[in-house]
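structure_34.txt follows; it contains compact mmCIF, C-alpha atoms.
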```
# COMPACT_ATOMS: atom_id res chain seq x y z
CA MET A 1 25.49 3.19 -22.22
CA ALA A 2 24.02 6.15 -24.09
CA LYS A 3 21.13 7.95 -22.45
CA ARG A 4 18.79 7.29 -25.35
CA LYS A 5 19.59 3.57 -25.33
CA TYR A 6 19.00 3.45 -21.57
CA ILE A 7 15.58 5.07 -21.90
CA LEU A 8 14.62 2.80 -24.81
CA ILE A 9 15.61 -0.34 -22.90
CA ASN A 10 13.58 0.75 -19.90
CA ILE A 11 10.52 1.43 -22.07
CA VAL A 12 10.81 -2.09 -23.50
CA ILE A 13 11.15 -3.55 -19.99
CA ALA A 14 8.09 -1.55 -18.88
CA LEU A 15 6.05 -2.91 -21.82
CA LEU A 16 7.16 -6.46 -21.01
CA THR A 17 6.10 -6.06 -17.37
CA PHE A 18 2.59 -5.07 -18.50
CA ILE A 19 2.42 -7.93 -20.98
CA LEU A 20 3.51 -10.41 -18.29
CA GLN A 21 1.06 -8.86 -15.85
CA TYR A 22 -2.16 -8.55 -17.84
CA ASN A 23 -2.59 -11.75 -19.79
CA SER A 24 -4.79 -14.77 -19.27
CA PHE A 25 -2.05 -17.42 -19.17
CA ASN A 26 -1.63 -17.31 -15.37
CA ILE A 27 2.03 -18.31 -15.61
CA PHE A 28 2.59 -18.45 -11.85
CA GLY A 29 -0.78 -20.05 -11.08
CA SER A 30 0.84 -23.29 -9.94
CA LEU A 31 2.66 -21.34 -7.21
CA ASN A 32 -0.60 -19.63 -6.23
CA ALA A 33 1.14 -16.32 -6.94
CA THR A 34 0.11 -13.22 -8.86
CA PRO A 35 3.31 -11.12 -8.92
CA MET A 36 3.20 -7.54 -10.08
CA PHE A 37 6.23 -6.95 -12.27
CA SER A 38 5.31 -3.35 -13.07
CA LEU A 39 5.40 -2.61 -9.33
CA GLY A 40 8.85 -4.18 -9.08
CA PHE A 41 9.98 -2.12 -12.04
CA ILE A 42 8.96 1.23 -10.58
CA ILE A 43 10.38 0.31 -7.16
CA VAL A 44 13.80 -0.28 -8.70
CA LEU A 45 13.72 2.87 -10.83
CA SER A 46 12.63 4.93 -7.82
CA MET A 47 15.76 3.85 -6.00
CA PHE A 48 17.80 5.63 -8.66
CA PHE A 49 15.59 8.53 -9.67
CA SER A 50 15.12 11.72 -7.68
CA GLU A 51 12.08 12.04 -5.42
CA PHE A 52 10.39 14.41 -7.86
CA ASN A 53 10.93 12.19 -10.90
CA SER A 54 9.98 9.06 -8.93
CA PHE A 55 6.64 10.59 -7.97
CA PHE A 56 5.73 11.33 -11.58
CA LEU A 57 7.01 7.94 -12.72
CA GLY A 58 4.64 6.36 -10.19
CA LEU A 59 1.81 8.62 -11.34
CA LEU A 60 2.30 7.62 -14.98
CA PHE A 61 2.41 3.91 -14.13
CA GLY A 62 -0.56 4.27 -11.80
CA ILE A 63 -2.70 5.85 -14.52
CA ILE A 64 -1.77 3.19 -17.08
CA THR A 65 -2.27 0.38 -14.55
CA ASP A 66 -5.73 1.69 -13.65
CA SER A 67 -6.73 1.71 -17.32
CA VAL A 68 -5.88 -2.00 -17.55
CA ALA A 69 -6.56 -3.42 -14.09
CA THR A 70 -9.98 -4.03 -12.59
CA THR A 71 -9.30 -1.83 -9.57
CA ALA A 72 -11.69 1.04 -9.04
CA PHE A 73 -11.60 4.72 -7.96
CA GLY A 74 -8.08 5.18 -9.36
CA PHE A 75 -6.46 2.99 -6.70
CA ASN A 76 -3.13 2.72 -8.48
CA THR A 77 -3.19 6.38 -9.57
CA ILE A 78 -3.31 7.33 -5.89
CA PHE A 79 -1.01 4.72 -4.36
CA MET A 80 1.75 4.19 -6.91
CA PRO A 81 3.08 7.77 -6.79
CA LEU A 82 3.16 7.52 -3.00
CA ILE A 83 4.99 4.19 -3.22
CA CYS A 84 7.60 5.60 -5.60
CA LEU A 85 8.10 8.73 -3.51
CA GLY A 86 8.46 6.65 -0.35
CA VAL A 87 10.93 4.23 -1.94
CA SER A 88 12.99 7.11 -3.30
CA LEU A 89 13.13 8.81 0.10
CA LEU A 90 14.00 5.53 1.85
CA SER A 91 16.79 4.59 -0.52
CA HIS A 92 18.32 8.08 -0.60
CA TYR A 93 18.09 9.09 3.04
CA LEU A 94 17.60 6.01 5.21
CA PHE A 95 19.07 2.98 3.49
CA ASN A 96 22.16 2.56 1.38
CA ASN A 97 21.42 2.00 -2.27
CA ASN A 98 22.51 -1.61 -2.54
CA ILE A 99 21.10 -5.02 -3.35
CA LYS A 100 20.19 -5.82 0.25
CA SER A 101 18.07 -2.70 0.62
CA CYS A 102 16.51 -3.40 -2.80
CA THR A 103 15.49 -6.88 -1.61
CA VAL A 104 14.06 -5.63 1.67
CA ILE A 105 12.28 -2.62 0.19
CA SER A 106 10.74 -4.51 -2.74
CA LEU A 107 9.61 -7.40 -0.51
CA LEU A 108 8.01 -5.09 2.06
CA VAL A 109 6.44 -2.75 -0.49
CA SER A 110 5.05 -5.59 -2.65
CA PHE A 111 3.65 -7.42 0.36
CA SER A 112 2.04 -4.22 1.67
CA TYR A 113 0.62 -3.30 -1.74
CA PHE A 114 -1.08 -6.68 -2.22
CA ALA A 115 -2.38 -6.65 1.36
CA VAL A 116 -3.79 -3.11 1.11
CA ARG A 117 -5.37 -3.88 -2.26
CA PHE A 118 -6.98 -7.02 -0.88
CA LEU A 119 -8.31 -5.28 2.23
CA ILE A 120 -9.71 -2.32 0.29
CA PHE A 121 -11.46 -4.27 -2.46
CA TYR A 122 -12.62 -7.26 -0.46
CA PRO A 123 -13.75 -5.75 2.86
CA SER A 124 -16.37 -8.44 3.53
CA VAL A 125 -13.76 -11.13 4.22
CA ASN A 126 -13.12 -12.35 7.75
CA ALA A 127 -9.81 -12.51 9.61
CA LYS A 128 -9.22 -16.16 8.68
CA GLU A 129 -9.62 -15.41 4.96
CA VAL A 130 -7.25 -12.45 5.28
CA MET A 131 -4.56 -14.59 6.94
CA THR A 132 -5.06 -17.34 4.36
CA TYR A 133 -4.68 -14.83 1.54
CA LEU A 134 -1.59 -13.21 3.10
CA ILE A 135 0.21 -16.52 3.53
CA LYS A 136 -0.99 -18.42 0.47
CA THR A 137 -1.05 -15.70 -2.18
CA ASP A 138 0.40 -12.42 -0.95
CA LEU A 139 3.73 -13.82 0.30
CA PRO A 140 4.58 -15.89 -2.81
CA SER A 141 3.55 -12.96 -5.03
CA ALA A 142 5.76 -10.56 -3.05
CA ILE A 143 8.71 -12.98 -3.19
CA ILE A 144 8.48 -13.41 -6.98
CA THR A 145 8.08 -9.65 -7.43
CA SER A 146 11.14 -8.94 -5.33
CA VAL A 147 13.19 -11.59 -7.20
CA PHE A 148 12.34 -9.74 -10.41
CA SER A 149 13.21 -6.43 -8.70
CA VAL A 150 16.62 -7.69 -7.59
CA LEU A 151 17.46 -8.94 -11.09
CA LEU A 152 16.36 -5.63 -12.57
CA TYR A 153 18.32 -3.75 -9.91
CA LEU A 154 21.55 -5.43 -11.02
CA PHE A 155 20.96 -4.20 -14.56
CA GLU A 156 19.85 -0.69 -13.55
CA LYS A 157 22.79 -0.18 -11.19
CA ARG A 158 25.23 -0.93 -13.98
CA ALA A 159 23.33 1.08 -16.58
CA PHE A 160 22.60 4.02 -14.33
CA LYS A 161 26.23 4.41 -13.37
CA ASP A 162 27.02 5.02 -17.03
CA VAL A 163 24.11 7.30 -17.75
CA GLN A 164 22.90 9.21 -14.64
CA PRO A 165 19.96 10.52 -16.68
CA LEU A 166 17.18 11.41 -14.33
CA ARG A 167 18.65 11.96 -10.92
CA MET B 1 15.50 15.05 3.80
CA ARG B 2 14.26 18.19 5.56
CA PHE B 3 15.53 20.22 2.66
CA PHE B 4 13.40 18.17 0.25
CA PHE B 5 10.24 18.65 2.34
CA ARG B 6 10.76 22.40 2.31
CA SER B 7 11.56 22.56 -1.39
CA ARG B 8 9.39 23.81 -4.24
CA GLN B 9 9.42 20.33 -5.78
CA PHE B 10 7.69 18.89 -2.72
CA ARG B 11 4.99 21.57 -2.92
CA ILE B 12 4.43 20.69 -6.59
CA ILE B 13 4.17 16.99 -5.65
CA ILE B 14 1.59 17.74 -2.94
CA THR B 15 -0.48 19.91 -5.30
CA VAL B 16 -0.48 17.35 -8.11
CA PHE B 17 -1.31 14.53 -5.69
CA LEU B 18 -4.28 16.39 -4.21
CA VAL B 19 -5.63 17.23 -7.67
CA VAL B 20 -5.30 13.60 -8.80
CA LEU B 21 -6.89 12.34 -5.56
CA ILE B 22 -9.89 14.67 -5.76
CA LEU B 23 -10.35 13.93 -9.47
CA SER B 24 -10.22 10.15 -9.04
CA LEU B 25 -12.50 10.03 -6.02
CA SER B 26 -15.09 12.47 -7.35
CA PHE B 27 -15.46 10.57 -10.64
CA ALA B 28 -15.54 7.24 -8.83
CA PHE B 29 -18.19 8.15 -6.30
CA ALA B 30 -20.32 10.17 -8.72
CA GLY B 31 -21.27 7.31 -11.04
CA SER B 32 -18.42 4.76 -10.97
CA ARG B 33 -16.73 6.44 -13.91
CA MET B 34 -13.03 6.26 -14.65
CA SER B 35 -11.16 9.50 -13.98
CA PRO B 36 -10.26 11.50 -17.12
CA LEU B 37 -6.58 10.53 -16.73
CA THR B 38 -7.36 6.80 -16.63
CA ASP B 39 -9.90 7.18 -19.43
CA ALA B 40 -7.34 8.96 -21.63
CA ALA B 41 -4.75 6.25 -20.89
CA ALA B 42 -7.34 3.59 -21.77
CA ILE B 43 -8.11 5.27 -25.11
CA ILE B 44 -4.42 5.69 -25.96
CA THR B 45 -3.43 2.14 -25.00
CA ALA B 46 -6.56 0.46 -26.45
CA PRO B 47 -5.06 -0.19 -29.93
CA PHE B 48 -1.98 -1.80 -28.36
CA ARG B 49 -4.13 -3.92 -26.06
CA ASN B 50 -6.39 -4.98 -28.94
CA ALA B 51 -3.31 -6.00 -30.91
CA TYR B 52 -1.80 -7.81 -27.94
CA THR B 53 -5.08 -9.63 -27.21
CA ALA B 54 -5.30 -10.76 -30.83
CA VAL B 55 -1.75 -12.11 -30.62
CA GLU B 56 -2.46 -13.70 -27.24
CA ASN B 57 -5.57 -15.45 -28.61
CA GLU B 58 -3.56 -16.72 -31.58
CA VAL B 59 -0.88 -18.07 -29.25
CA LYS B 60 -3.51 -19.75 -27.06
CA ASP B 61 -5.17 -21.27 -30.11
CA PHE B 62 -1.80 -22.47 -31.39
CA ILE B 63 -0.94 -24.07 -28.08
CA THR B 64 -4.37 -25.70 -27.88
CA ALA B 65 -4.12 -26.93 -31.46
CA TYR B 66 -0.61 -28.23 -30.86
CA LYS B 67 -1.71 -30.11 -27.77
CA GLY B 68 -4.96 -31.53 -29.05
CA GLY B 69 -4.96 -31.28 -32.78
CA ASN B 70 -7.00 -28.94 -34.92
CA ASP B 71 -9.71 -31.51 -35.56
CA LEU B 72 -10.31 -32.03 -31.88
CA MET B 73 -10.56 -28.27 -31.36
CA VAL B 74 -13.16 -27.89 -34.10
CA LYS B 75 -15.12 -30.86 -32.78
CA ASN B 76 -14.92 -29.50 -29.23
CA ALA B 77 -16.24 -26.10 -30.33
CA GLU B 78 -19.15 -27.78 -32.16
CA LEU B 79 -19.99 -29.96 -29.19
CA THR B 80 -19.72 -27.06 -26.73
CA SER B 81 -22.11 -24.99 -28.82
CA GLU B 82 -24.50 -27.93 -29.08
CA LEU B 83 -24.25 -28.52 -25.33
CA ASN B 84 -25.04 -24.87 -24.58
CA ASP B 85 -28.10 -25.08 -26.84
CA LEU B 86 -29.24 -28.27 -25.14
CA ARG B 87 -28.72 -26.81 -21.67
CA GLN B 88 -30.79 -23.80 -22.61
CA LYS B 89 -33.52 -26.08 -23.99
CA VAL B 90 -33.56 -28.27 -20.87
CA SER B 91 -33.74 -25.20 -18.68
CA GLU B 92 -36.52 -23.65 -20.77
CA TYR B 93 -38.41 -26.95 -20.80
CA ASP B 94 -38.22 -27.36 -17.00
CA LYS B 95 -39.15 -23.76 -16.44
CA ALA B 96 -41.94 -23.81 -19.01
CA LYS B 97 -43.34 -27.01 -17.51
CA SER B 98 -43.47 -25.69 -13.97
CA GLU B 99 -44.56 -22.22 -15.04
CA ASN B 100 -47.35 -23.80 -17.09
CA GLU B 101 -48.72 -25.60 -14.06
CA PHE B 102 -48.30 -22.67 -11.68
CA TYR B 103 -49.47 -19.85 -13.92
CA LYS B 104 -52.34 -21.87 -15.39
CA ASN B 105 -53.92 -21.91 -11.95
CA TYR B 106 -53.00 -18.48 -10.64
CA LEU B 107 -51.51 -16.11 -13.25
CA GLY B 108 -50.94 -15.74 -17.02
CA ILE B 109 -48.06 -17.44 -18.83
CA LYS B 110 -44.89 -15.34 -18.71
CA GLU B 111 -43.61 -14.15 -22.06
CA GLU B 112 -40.10 -14.54 -23.43
CA ASN B 113 -37.80 -11.54 -23.46
CA PRO B 114 -37.81 -9.88 -26.86
CA ASP B 115 -37.13 -6.59 -25.08
CA PHE B 116 -33.38 -7.19 -24.49
CA GLU B 117 -31.01 -4.74 -26.23
CA PHE B 118 -27.49 -6.14 -26.75
CA THR B 119 -24.06 -4.69 -27.42
CA PRO B 120 -21.28 -7.15 -28.32
CA ALA B 121 -17.85 -6.60 -26.79
CA THR B 122 -14.41 -8.18 -26.77
CA VAL B 123 -12.26 -8.86 -23.73
CA ILE B 124 -9.05 -6.84 -24.07
CA SER B 125 -7.30 -7.54 -20.80
CA HIS B 126 -7.49 -9.78 -17.77
CA ASP B 127 -6.29 -8.64 -14.33
CA SER B 128 -4.24 -11.48 -12.86
CA LEU B 129 -4.33 -9.79 -9.43
CA ASP B 130 -8.13 -9.98 -9.40
CA ARG B 131 -8.94 -13.35 -7.80
CA PHE B 132 -12.49 -13.10 -9.13
CA PHE B 133 -11.35 -13.05 -12.80
CA GLY B 134 -12.44 -9.49 -13.53
CA PHE B 135 -11.55 -8.14 -16.97
CA THR B 136 -11.74 -5.13 -19.28
CA ILE B 137 -13.84 -4.94 -22.45
CA ASN B 138 -13.56 -2.70 -25.48
CA LYS B 139 -16.89 -0.93 -25.16
CA GLY B 140 -17.68 2.08 -22.99
CA SER B 141 -20.09 4.96 -22.65
CA ALA B 142 -19.58 5.88 -26.31
CA SER B 143 -21.32 2.59 -27.19
CA GLY B 144 -24.13 3.09 -24.71
CA VAL B 145 -22.66 0.97 -21.92
CA LYS B 146 -23.52 2.06 -18.39
CA VAL B 147 -22.53 0.95 -14.90
CA ARG B 148 -24.46 -2.16 -13.77
CA ASP B 149 -25.22 -3.29 -17.31
CA ILE B 150 -25.37 -7.08 -17.34
CA VAL B 151 -22.64 -9.04 -19.15
CA ILE B 152 -23.37 -12.51 -20.54
CA SER B 153 -21.87 -15.04 -22.91
CA ASP B 154 -23.51 -17.80 -24.94
CA ALA B 155 -22.84 -20.09 -21.95
CA GLY B 156 -24.53 -17.94 -19.32
CA LEU B 157 -24.22 -15.05 -16.91
CA ILE B 158 -20.78 -13.50 -16.48
CA GLY B 159 -21.37 -10.48 -14.23
CA MET B 160 -21.92 -6.78 -14.55
CA VAL B 161 -20.14 -3.62 -15.61
CA SER B 162 -18.54 -2.03 -12.54
CA GLU B 163 -16.72 0.96 -14.04
CA VAL B 164 -17.22 2.75 -17.35
CA GLY B 165 -14.83 4.77 -19.48
CA THR B 166 -15.40 6.31 -22.87
CA THR B 167 -14.18 3.32 -24.91
CA THR B 168 -13.54 0.65 -22.27
CA SER B 169 -15.33 -0.78 -19.27
CA LYS B 170 -14.41 -3.01 -16.36
CA VAL B 171 -16.47 -6.09 -15.58
CA THR B 172 -16.91 -7.72 -12.16
CA THR B 173 -17.82 -11.39 -12.39
CA ILE B 174 -20.39 -13.32 -10.37
CA LEU B 175 -17.50 -14.97 -8.48
CA SER B 176 -17.03 -11.65 -6.62
CA PRO B 177 -18.82 -11.10 -3.28
CA GLN B 178 -19.66 -7.61 -4.56
CA ILE B 179 -22.42 -9.11 -6.73
CA THR B 180 -25.55 -10.64 -5.26
CA LEU B 181 -28.57 -11.56 -7.33
CA GLY B 182 -31.90 -13.30 -7.01
CA ALA B 183 -31.88 -16.76 -8.60
CA LEU B 184 -33.98 -19.87 -8.83
CA ASP B 185 -33.63 -23.55 -9.54
CA THR B 186 -35.14 -24.02 -12.99
CA ARG B 187 -36.45 -27.50 -12.15
CA THR B 188 -38.03 -26.89 -8.74
CA ASN B 189 -38.48 -23.09 -8.91
CA ASP B 190 -36.93 -22.75 -5.46
CA SER B 191 -35.51 -19.28 -5.09
CA GLY B 192 -32.50 -17.97 -3.26
CA ILE B 193 -29.60 -15.59 -3.60
CA VAL B 194 -26.47 -16.18 -5.66
CA SER B 195 -23.30 -14.39 -4.63
CA GLY B 196 -19.57 -14.80 -4.94
CA ASP B 197 -17.39 -16.08 -2.13
CA THR B 198 -13.70 -15.43 -1.56
CA GLN B 199 -12.95 -19.04 -0.67
CA LEU B 200 -15.14 -20.62 -3.33
CA SER B 201 -13.70 -18.35 -6.03
CA ASP B 202 -10.42 -20.33 -5.89
CA ASP B 203 -12.41 -23.30 -7.19
CA ARG B 204 -14.41 -20.99 -9.52
CA LEU B 205 -17.64 -21.63 -7.67
CA CYS B 206 -20.27 -19.31 -6.26
CA ARG B 207 -22.83 -19.71 -3.49
CA PHE B 208 -26.60 -20.16 -3.87
CA SER B 209 -27.96 -19.42 -0.40
CA ASN B 210 -31.13 -18.63 1.55
CA ILE B 211 -32.90 -21.63 0.04
CA SER B 212 -35.85 -22.96 1.96
CA ARG B 213 -35.26 -26.17 3.90
CA SER B 214 -38.38 -27.64 2.29
CA SER B 215 -36.94 -27.27 -1.21
CA ASN B 216 -36.16 -30.24 -3.45
CA ILE B 217 -33.06 -28.97 -5.19
CA ALA B 218 -30.61 -31.62 -6.32
CA ILE B 219 -27.05 -31.77 -7.57
CA GLY B 220 -27.03 -31.16 -11.30
CA ASP B 221 -30.00 -28.77 -11.27
CA TYR B 222 -29.62 -25.62 -13.32
CA VAL B 223 -29.83 -22.19 -11.69
CA SER B 224 -30.94 -19.08 -13.54
CA THR B 225 -31.63 -15.46 -12.63
CA SER B 226 -35.05 -14.82 -11.14
CA GLY B 227 -35.47 -11.23 -12.33
CA GLU B 228 -35.13 -9.60 -8.91
CA GLY B 229 -32.91 -6.55 -8.64
CA ILE B 230 -30.99 -5.35 -11.65
CA PHE B 231 -30.64 -8.73 -13.38
CA PRO B 232 -33.31 -9.79 -15.91
CA ASP B 233 -34.82 -13.20 -15.43
CA GLY B 234 -34.07 -16.36 -17.32
CA ILE B 235 -30.30 -16.06 -17.73
CA LEU B 236 -28.50 -19.31 -16.92
CA ILE B 237 -25.90 -19.06 -14.15
CA GLY B 238 -24.63 -22.60 -13.58
CA SER B 239 -25.39 -26.00 -12.15
CA ILE B 240 -25.54 -27.12 -8.54
CA SER B 241 -22.46 -29.12 -7.53
CA ASN B 242 -22.83 -29.37 -3.75
CA ILE B 243 -25.61 -28.87 -1.17
CA GLY B 244 -25.26 -28.07 2.51
CA SER B 245 -27.00 -26.47 5.51
CA ASP B 246 -26.16 -23.15 7.06
CA LYS B 247 -24.79 -23.29 10.59
CA TYR B 248 -28.17 -22.54 12.18
CA ASN B 249 -29.98 -25.14 10.03
CA ALA B 250 -32.46 -22.45 9.12
CA SER B 251 -31.90 -22.73 5.39
CA ILE B 252 -29.79 -24.65 2.94
CA TYR B 253 -27.19 -23.51 0.46
CA ALA B 254 -25.70 -24.91 -2.70
CA ASP B 255 -22.41 -24.39 -4.50
CA ILE B 256 -22.81 -23.52 -8.14
CA THR B 257 -20.38 -24.30 -10.93
CA PRO B 258 -20.92 -21.45 -13.42
CA PHE B 259 -21.34 -22.46 -17.05
CA VAL B 260 -18.97 -19.69 -18.09
CA ASP B 261 -15.23 -20.42 -18.25
CA PHE B 262 -13.90 -17.17 -16.76
CA SER B 263 -10.29 -17.89 -17.67
CA ASP B 264 -10.97 -18.09 -21.40
CA LEU B 265 -13.43 -15.31 -22.16
CA ARG B 266 -12.97 -13.57 -25.49
CA ASN B 267 -16.32 -12.28 -26.73
CA VAL B 268 -19.17 -11.22 -24.49
CA MET B 269 -22.56 -9.55 -24.82
CA ILE B 270 -23.73 -6.59 -22.76
CA ILE B 271 -27.44 -6.18 -22.08
CA THR B 272 -27.77 -2.42 -22.24
CA ASN B 273 -31.53 -2.32 -21.81
CA PHE B 274 -34.48 -4.51 -21.07
CA ASP B 275 -37.99 -3.97 -19.80
CA GLY B 276 -37.99 -3.59 -16.06
CA LYS B 277 -34.42 -2.35 -15.86
CA GLY B 278 -33.71 -0.06 -12.93
CA GLY B 279 -34.91 -2.29 -10.11
CA ILE B 280 -33.54 -2.55 -6.58
CA GLU B 281 -29.81 -1.85 -6.39
CA PRO B 282 -27.76 -4.81 -5.18
CA SER B 283 -26.18 -4.58 -1.73
CA GLY B 284 -22.39 -4.37 -1.33
CA ASP B 285 -21.95 -2.66 -4.69
CA LYS B 286 -19.33 0.18 -4.91
```
Structure re-expressed in structure tokens:
Amino acid sequence: MAKRKYILINIVIALLTFILQYNSFNIFGSLNATPMFSLGFIIVLSMFFSEFNSFFLGLLFGIITDSVATTAFGFNTIFMPLICLGVSLLSHYLFNNNIKSCTVISLLVSFSYFAVRFLIFYPSVNAKEVMTYLIKTDLPSAIITSVFSVLLYLFEKRAFKDVQPLR
Amino acid sequence: MRFFFRSRQFRIIITVFLVVLILSLSFAFAGSRMSPLTDAAAIITAPFRNAYTAVENEVKDFITAYKGGNDLMVKNAELTSELNDLRQKVSEYDKAKSENEFYKNYLGIKEENPDFEFTPATVISHDSLDRFFGFTINKGSASGVKVRDIVISDAGLIGMVSEVGTTTSKVTTILSPQITLGALDTRTNDSGIVSGDTQLSDDRLCRFSNISRSSNIAIGDYVSTSGEGIFPDGILIGSISNIGSDKYNASIYADITPFVDFSDLRNVMIITNFDGKGGIEPSGDK
């Protein structure tokens, strides 16, 4: 795949993740889930990009996410670059870059992201509400996000092998 | 890995991260403003979001029309508007009746609110991760919008502006525990506090609490703002759907079904100024 085509396809996928994320249709409402496809997208790309490029990819997505989401104080601008840097370090130095590590990393990172976001923005909740949220909403959201990540990983692994653009 | 942590790239990452962190936090805690980076992203992406929202609304209208027929949709819109007018009239009648009796004996009759200054706005994105149905609107500080400006629709109170950018703002709804406001039952004039609740928000309800045990509130009563704090008085919030006692039996509470449909908001109105604005700041606000 040509480098330009690879970048264009990834830009389209990024746009689709935001469209799926920030609409009022609540597609996964019946599953009580609110997956974050843009998070899954940057997790997968970070597994292939260098640490430096992953950090700035996370920063760009964090800034755009904060302009659309109702989070405050630049929550995503601060946390997404750290997430991308961490995922890049994990997949390059600790885990092998394969589908199993993609599944584990995306599940853990998504679950942690939703949990941290909930605890930061809703600090008045009690322990029972936290557990209810983690089991009823956080876990299904993390599972759907990681399913999307795994599917995207299969595409990126094939495409990246041909291109090797930003490593 | 050690090589990376000692590299120049890692030092650049640390520097950029610290700059971004200080920038975001200083703007957030000095007036709940978006950081310049987020503000710039909001300005750049606003045309795309406006276009997407227009398409999304068309798709929603098409789906609704396909399911129910165009005629039913038109009729529904007419009836909803009529119902909102009637609700407002019932509320004003109840309030006027009780105010007339009370104020006739003790005070003057309260005037209406010709002092409100409005700015219309359109909802440009919903955050599906926000369980309290927060959203972003297309007006910001350039249009005179400020943090804690009240947001309403023709159906009733929506919430308040929680973060302001140059051309966009973020709105926190009354389903969020971050918002507490003084309210009263328009029929009995019993006062209390309305706030969001994390468990009730799943059912799109909020809590009307600290109501005296001697009150005569009933299911179906309308609740409106009482004018305490930053919210002006007389704005409809919702109707009482359930009544209960707190665990110490010291007061009673009621669950309120807001009149606003938070999942289908398109156009809202921001109250940018009114007489008496700048009262007591609500607790729990960021």
If you measure from atom CA of Ile252 of chain B to atom CA of Gln88 of chain B, what distance in Å do you get, rounded to one decimal?
25.6 Å
For segment 184-201 of chain B, work out the shell of residues within 7 Å, counting only C-alpha atoms and skipping chain neighbours fewer than 5 positions away, then give it as a ChimeraX atom specification.
/B:91,94-95,132,174-177,179,206-211,215-217,221-226
Export of the given selection (C-alpha atoms) as a PDB file, in the frame of the given file:
```pdb
ATOM      1  CA  SER B  91     -33.740 -25.200 -18.680  1.00  0.00           C
ATOM      2  CA  ASP B  94     -38.220 -27.360 -17.000  1.00  0.00           C
ATOM      3  CA  LYS B  95     -39.150 -23.760 -16.440  1.00  0.00           C
ATOM      4  CA  PHE B 132     -12.490 -13.100  -9.130  1.00  0.00           C
ATOM      5  CA  ILE B 174     -20.390 -13.320 -10.370  1.00  0.00           C
ATOM      6  CA  LEU B 175     -17.500 -14.970  -8.480  1.00  0.00           C
ATOM      7  CA  SER B 176     -17.030 -11.650  -6.620  1.00  0.00           C
ATOM      8  CA  PRO B 177     -18.820 -11.100  -3.280  1.00  0.00           C
ATOM      9  CA  ILE B 179     -22.420  -9.110  -6.730  1.00  0.00           C
ATOM     10  CA  CYS B 206     -20.270 -19.310  -6.260  1.00  0.00           C
ATOM     11  CA  ARG B 207     -22.830 -19.710  -3.490  1.00  0.00           C
ATOM     12  CA  PHE B 208     -26.600 -20.160  -3.870  1.00  0.00           C
ATOM     13  CA  SER B 209     -27.960 -19.420  -0.400  1.00  0.00           C
ATOM     14  CA  ASN B 210     -31.130 -18.630   1.550  1.00  0.00           C
ATOM     15  CA  ILE B 211     -32.900 -21.630   0.040  1.00  0.00           C
ATOM     16  CA  SER B 215     -36.940 -27.270  -1.210  1.00  0.00           C
ATOM     17  CA  ASN B 216     -36.160 -30.240  -3.450  1.00  0.00           C
ATOM     18  CA  ILE B 217     -33.060 -28.970  -5.190  1.00  0.00           C
ATOM     19  CA  ASP B 221     -30.000 -28.770 -11.270  1.00  0.00           C
ATOM     20  CA  TYR B 222     -29.620 -25.620 -13.320  1.00  0.00           C
ATOM     21  CA  VAL B 223     -29.830 -22.190 -11.690  1.00  0.00           C
ATOM     22  CA  SER B 224     -30.940 -19.080 -13.540  1.00  0.00           C
ATOM     23  CA  THR B 225     -31.630 -15.460 -12.630  1.00  0.00           C
ATOM     24  CA  SER B 226     -35.050 -14.820 -11.140  1.00  0.00           C
TER      25      SER B 226
END
```
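Checking B:His126, B:Arg49, B:Lys247, B:Arg148 one by one against chain A, counting all atoms listed in the file, you find the shortest gap at B:His126.
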Check which residues of chain A sit at most 9 Å from chain B using only C-alpha atoms, and return one row each with the closest pair of atoms and their distance in Å to one decimal, ordered by chain and rising number, as a tab-separated table.
```
residue	atom	partner	partner_atom	distance
A:Ile19	CA	B:Tyr52	CA	8.1
A:Gln21	CA	B:Ser128	CA	6.6
A:Tyr22	CA	B:Asp127	CA	5.4
A:Asn23	CA	B:His126	CA	5.7
A:Ser24	CA	B:His126	CA	5.9
A:Phe25	CA	B:Lys60	CA	8.4
A:Asn26	CA	B:Ser128	CA	6.9
A:Ala33	CA	B:Leu129	CA	8.9
A:Thr34	CA	B:Leu129	CA	5.6
A:Pro35	CA	B:Leu129	CA	7.8
A:Met36	CA	B:Leu129	CA	7.9
A:Glu51	CA	B:Phe4	CA	8.5
A:Phe52	CA	B:Gln9	CA	6.3
A:Phe55	CA	B:Ile13	CA	7.2
A:Phe56	CA	B:Ile13	CA	8.3
A:Leu59	CA	B:Phe17	CA	8.8
A:Gly62	CA	B:Thr38	CA	8.7
A:Ile63	CA	B:Thr38	CA	5.2
A:Ile64	CA	B:Ala41	CA	5.7
A:Thr65	CA	B:Thr38	CA	8.5
A:Asp66	CA	B:Thr38	CA	6.1
A:Ser67	CA	B:Ala42	CA	4.9
A:Val68	CA	B:Ser125	CA	6.6
A:Ala69	CA	B:Asp127	CA	5.2
A:Thr70	CA	B:Lys170	CA	5.9
A:Thr71	CA	B:Asp130	CA	8.2
A:Ala72	CA	B:Glu163	CA	7.1
A:Phe73	CA	B:Ala28	CA	4.8
A:Gly74	CA	B:Ser24	CA	5.4
A:Phe75	CA	B:Ser24	CA	8.4
A:Thr77	CA	B:Val20	CA	7.6
A:Ile78	CA	B:Leu21	CA	6.2
A:Pro81	CA	B:Phe17	CA	8.1
A:Leu82	CA	B:Phe17	CA	8.7
A:Leu89	CA	B:Met1	CA	7.6
A:His92	CA	B:Met1	CA	8.7
A:Tyr93	CA	B:Met1	CA	6.5
A:Phe114	CA	B:Leu129	CA	8.5
A:Tyr122	CA	B:Pro177	CA	7.8
A:Ser124	CA	B:Pro177	CA	7.7
A:Val125	CA	B:Thr198	CA	7.2
A:Glu129	CA	B:Gln199	CA	7.5
```
